[in-house]
2 protein chains.
Amino acid sequence: MLKELDPLLHSQLRLGVMSLLISVESAEFTWLREKTNSSAGNLSVQLDKLSEAGYIIIDKSFKGKKPLTTCKITKHGIKAFEEYVNTLKQYIGK
Amino acid sequence: MLKELDPLLHSQLRLGVMSLLISVESAEFTWLREKTNSSAGNLSVQLDKLSEAGYIIIDKSFKGKKPLTTCKITKHGIKAFEEYVNTLKQYIGK
DNA sequence: CTATTTTGGTTTATAATATAAACTAATTTA
DNA sequence: TAAATTAGTTTATATTATAAACCAAAATAG
């Protein structure tokens with residue numbers, strides 16, 4: 001029987017974000033937006049969900065007086081991502 | 001920039017079905033239901049979607065007077081599945 | 001200057017999707 | 001012969017994804 005795929009990660013945008021975050025120290029909102037080619041609104045919502053799950057931490061600061069949002073994957077997030085990938089292998093074969 | 005994941009395949013149940021169908025000659029509705037642990041209603045709807053996309057062919061016959069629904073992946077379906085897997089590798093790393 | 005556009009977002013409304021509930025019809029089984 | 005089971009379909013609902021509308025500050029154009 002096929003195992004469940006973590007629904008929080010089984011979303012193109014959220015998976016994309018996690019995929020990007022896993023290979024960098026931290027990333028800015030604008031960079032994630034460019035890389036994922038998503039709308040700011042959508043990205044904002046999905047980042048919140050990842051954050052609420054403890055998969056990432058979001059730091060909201062200011063660069064001068066402009067808002068600066070940076071994201072960083074957590075250990076919990078890395079684990080969830082790895083588990084997701086493992087489960088996925090059951091679906092896509094190897 | 002991350003590529004788009006075929007939304008028809010990026011669904012746990014439909015991906016599960018395709019994953020099962022790719023390794024068998026054909027499969028019965030009831031078997032797919034067991035393997036995917038899905039409700040009959042949900043499975044029925046998702047099979048129709050895969051069928052409409054030309055990813056599978058559904059054959060509805062009778063075993064005696066009981067309905068017998070069997071599914072088979074198409075060449076187009078195999079190609080779509082393989083493309084999906086390739087794109088996915090961009091997300092999950094190798 | 002000051003009006004408009006751009007940047008960097010958030011909030012909220014809507015569109016799309018997944019899923020279950022309700023239903024049909026035939027078939028065992030009690 | 002009434003009740004439960006099998007094998008599904010159809011439809012309603014809950015969930016999710018996504019964009020539209022919005023806000024505040026800053027840069028740019030006239």
# chains A, B, ... in the order shown; residues from 1 in each chain; ligands from 1

call {"tool": "residues_around", "arguments": {"residues": "Ser38 (chain A)", "least_positions_apart": "2", "cutoff": "12 Å", "atoms": "only C-alpha atoms (C1' of nucleotides)", "output": "PyMOL selection string"}}
result
(chain A and resi 12-14+16-17+29-36+40-47) or (chain B and resi 1-4) or (chain D and resi 17-19)

call {"tool": "interface_residues", "arguments": {"of": "chain D", "to": "chain B", "cutoff": "9 Å", "atoms": "only C-alpha atoms (C1' of nucleotides)", "output": "list in words"}}
result
DT6, DA7, DG8, DT9 and DT10 of chain D

call {"tool": "write_last_selection", "arguments": {"atoms": "C-alpha atoms (C1' of nucleotides)", "output": "compact mmCIF listing (two decimals), in the first residue's frame"}}
result
# COMPACT_ATOMS: atom_id res chain seq x y z
C1' DT D 6 -19.94 -5.33 -4.07
C1' DA D 7 -18.84 -2.24 -7.69
C1' DG D 8 -19.13 1.50 -8.91
C1' DT D 9 -21.16 6.90 -10.31
C1' DT D 10 -22.84 11.47 -9.36

call {"tool": "interface_residues", "arguments": {"of": "chain C", "to": "chain B", "cutoff": "10 Å", "atoms": "only C-alpha atoms (C1' of nucleotides)", "output": "list of chain:residue names"}}
result
C:DT17, C:DA18, C:DT19, C:DA20, C:DA21, C:DA25, C:DA26, C:DT27

call {"tool": "write_last_selection", "arguments": {"atoms": "N, CA and C atoms (P, O5', C5', C4', C3', O3' and C1' of nucleotides)", "output": "PDB file, in the first residue's frame"}}
result
ATOM      1  P    DT C  17      -7.519  22.716 -11.302  1.00  0.00           P
ATOM      2  O5'  DT C  17      -7.733  21.889  -9.955  1.00  0.00           O
ATOM      3  C5'  DT C  17      -6.950  22.233  -8.814  1.00  0.00           C
ATOM      4  C4'  DT C  17      -7.283  21.271  -7.706  1.00  0.00           C
ATOM      5  C3'  DT C  17      -7.603  19.874  -8.197  1.00  0.00           C
ATOM      6  O3'  DT C  17      -6.552  19.053  -7.707  1.00  0.00           O
ATOM      7  C1'  DT C  17      -9.194  20.630  -6.583  1.00  0.00           C
ATOM      8  P    DA C  18      -6.558  17.491  -7.662  1.00  0.00           P
ATOM      9  O5'  DA C  18      -7.217  17.210  -6.237  1.00  0.00           O
ATOM     10  C5'  DA C  18      -6.674  17.837  -5.081  1.00  0.00           C
ATOM     11  C4'  DA C  18      -7.401  17.347  -3.854  1.00  0.00           C
ATOM     12  C3'  DA C  18      -7.519  15.839  -3.721  1.00  0.00           C
ATOM     13  O3'  DA C  18      -7.230  15.552  -2.358  1.00  0.00           O
ATOM     14  C1'  DA C  18      -9.686  16.813  -3.697  1.00  0.00           C
ATOM     15  P    DT C  19      -7.191  14.042  -1.792  1.00  0.00           P
ATOM     16  O5'  DT C  19      -8.712  13.826  -1.348  1.00  0.00           O
ATOM     17  C5'  DT C  19      -9.194  14.580  -0.244  1.00  0.00           C
ATOM     18  C4'  DT C  19     -10.663  14.295  -0.053  1.00  0.00           C
ATOM     19  C3'  DT C  19     -11.011  12.812  -0.024  1.00  0.00           C
ATOM     20  O3'  DT C  19     -11.287  12.501   1.319  1.00  0.00           O
ATOM     21  C1'  DT C  19     -12.636  14.117  -1.193  1.00  0.00           C
ATOM     22  P    DA C  20     -11.776  11.053   1.814  1.00  0.00           P
ATOM     23  O5'  DA C  20     -13.310  11.292   2.200  1.00  0.00           O
ATOM     24  C5'  DA C  20     -13.676  12.532   2.788  1.00  0.00           C
ATOM     25  C4'  DA C  20     -15.175  12.730   2.703  1.00  0.00           C
ATOM     26  C3'  DA C  20     -15.988  11.508   3.090  1.00  0.00           C
ATOM     27  O3'  DA C  20     -17.123  11.999   3.771  1.00  0.00           O
ATOM     28  C1'  DA C  20     -16.563  12.137   0.904  1.00  0.00           C
ATOM     29  P    DA C  21     -18.027  11.002   4.689  1.00  0.00           P
ATOM     30  O5'  DA C  21     -19.525  11.471   4.339  1.00  0.00           O
ATOM     31  C5'  DA C  21     -19.754  12.789   3.837  1.00  0.00           C
ATOM     32  C4'  DA C  21     -21.025  12.789   3.009  1.00  0.00           C
ATOM     33  C3'  DA C  21     -22.042  11.724   3.400  1.00  0.00           C
ATOM     34  O3'  DA C  21     -23.312  12.331   3.353  1.00  0.00           O
ATOM     35  C1'  DA C  21     -21.480  11.472   1.120  1.00  0.00           C
ATOM     36  P    DA C  25     -31.066   2.378 -10.945  1.00  0.00           P
ATOM     37  O5'  DA C  25     -30.326   0.972 -11.020  1.00  0.00           O
ATOM     38  C5'  DA C  25     -29.067   0.855 -11.680  1.00  0.00           C
ATOM     39  C4'  DA C  25     -28.472  -0.502 -11.353  1.00  0.00           C
ATOM     40  C3'  DA C  25     -29.509  -1.612 -11.179  1.00  0.00           C
ATOM     41  O3'  DA C  25     -29.003  -2.763 -11.827  1.00  0.00           O
ATOM     42  C1'  DA C  25     -28.089  -1.579  -9.345  1.00  0.00           C
ATOM     43  P    DA C  26     -30.000  -3.870 -12.389  1.00  0.00           P
ATOM     44  O5'  DA C  26     -29.204  -5.199 -12.037  1.00  0.00           O
ATOM     45  C5'  DA C  26     -27.823  -5.292 -12.399  1.00  0.00           C
ATOM     46  C4'  DA C  26     -27.082  -5.998 -11.290  1.00  0.00           C
ATOM     47  C3'  DA C  26     -27.678  -7.356 -10.924  1.00  0.00           C
ATOM     48  O3'  DA C  26     -26.747  -8.375 -11.287  1.00  0.00           O
ATOM     49  C1'  DA C  26     -27.061  -6.103  -9.000  1.00  0.00           C
ATOM     50  P    DT C  27     -26.644  -9.767 -10.576  1.00  0.00           P
ATOM     51  O5'  DT C  27     -25.935  -9.383  -9.195  1.00  0.00           O
ATOM     52  C5'  DT C  27     -24.530  -9.517  -9.023  1.00  0.00           C
ATOM     53  C4'  DT C  27     -24.273  -9.989  -7.595  1.00  0.00           C
ATOM     54  C3'  DT C  27     -24.733 -11.410  -7.300  1.00  0.00           C
ATOM     55  O3'  DT C  27     -23.718 -12.026  -6.520  1.00  0.00           O
ATOM     56  C1'  DT C  27     -25.656  -9.959  -5.742  1.00  0.00           C
TER      57       DT C  27
END

call {"tool": "atom_distance", "arguments": {"atom1": "CA of Asp6 (chain A)", "atom2": "CA of Glu83 (chain A)"}}
result
8.5 Å

call {"tool": "atom_distance", "arguments": {"atom1": "CA of Glu52 (chain B)", "atom2": "CA of Ile92 (chain B)"}}
result
28.7 Å

call {"tool": "decode", "arguments": {"residues": "region 39-89 of chain B", "atoms": "C-alpha atoms", "output": "compact mmCIF listing (two decimals), in the first residue's frame"}}
result
# COMPACT_ATOMS: atom_id res chain seq x y z
CA SER B 39 -12.59 5.85 -1.52
CA ALA B 40 -14.38 4.48 -4.55
CA GLY B 41 -15.84 7.90 -5.30
CA ASN B 42 -12.54 9.67 -5.26
CA LEU B 43 -10.88 6.97 -7.32
CA SER B 44 -13.65 7.03 -9.88
CA VAL B 45 -13.33 10.80 -10.34
CA GLN B 46 -9.54 10.71 -10.60
CA LEU B 47 -9.53 7.83 -13.06
CA ASP B 48 -11.88 9.82 -15.26
CA LYS B 49 -9.48 12.75 -15.23
CA LEU B 50 -6.55 10.57 -16.18
CA SER B 51 -8.64 9.01 -18.89
CA GLU B 52 -9.76 12.38 -20.28
CA ALA B 53 -6.13 13.42 -20.51
CA GLY B 54 -5.37 10.27 -22.44
CA TYR B 55 -3.01 9.02 -19.74
CA ILE B 56 -4.95 5.82 -19.22
CA ILE B 57 -7.70 3.88 -20.93
CA ILE B 58 -10.60 2.62 -18.90
CA ASP B 59 -12.46 -0.45 -19.95
CA LYS B 60 -15.88 -1.01 -18.43
CA SER B 61 -17.21 -4.48 -18.88
CA PHE B 62 -19.05 -7.09 -16.85
CA LYS B 63 -17.87 -10.14 -15.02
CA GLY B 64 -21.16 -12.00 -15.11
CA LYS B 65 -23.53 -9.19 -14.21
CA LYS B 66 -21.14 -7.34 -11.95
CA PRO B 67 -19.40 -4.32 -13.39
CA LEU B 68 -15.69 -4.73 -13.99
CA THR B 69 -13.57 -1.69 -14.58
CA THR B 70 -10.01 -2.18 -15.73
CA CYS B 71 -7.39 0.44 -16.42
CA LYS B 72 -4.29 0.50 -18.53
CA ILE B 73 -1.67 3.18 -18.89
CA THR B 74 -1.16 4.58 -22.41
CA LYS B 75 2.07 5.50 -24.17
CA HIS B 76 1.13 9.13 -23.68
CA GLY B 77 0.63 8.40 -19.98
CA ILE B 78 4.01 6.75 -19.67
CA LYS B 79 5.65 9.72 -21.34
CA ALA B 80 3.87 12.19 -19.09
CA PHE B 81 4.82 10.18 -16.03
CA GLU B 82 8.47 10.07 -17.06
CA GLU B 83 8.50 13.79 -17.74
CA TYR B 84 6.91 14.43 -14.38
CA VAL B 85 9.58 12.35 -12.67
CA ASN B 86 12.31 14.22 -14.49
CA THR B 87 10.91 17.59 -13.55
CA LEU B 88 10.46 16.44 -10.00
CA LYS B 89 14.15 15.65 -9.78
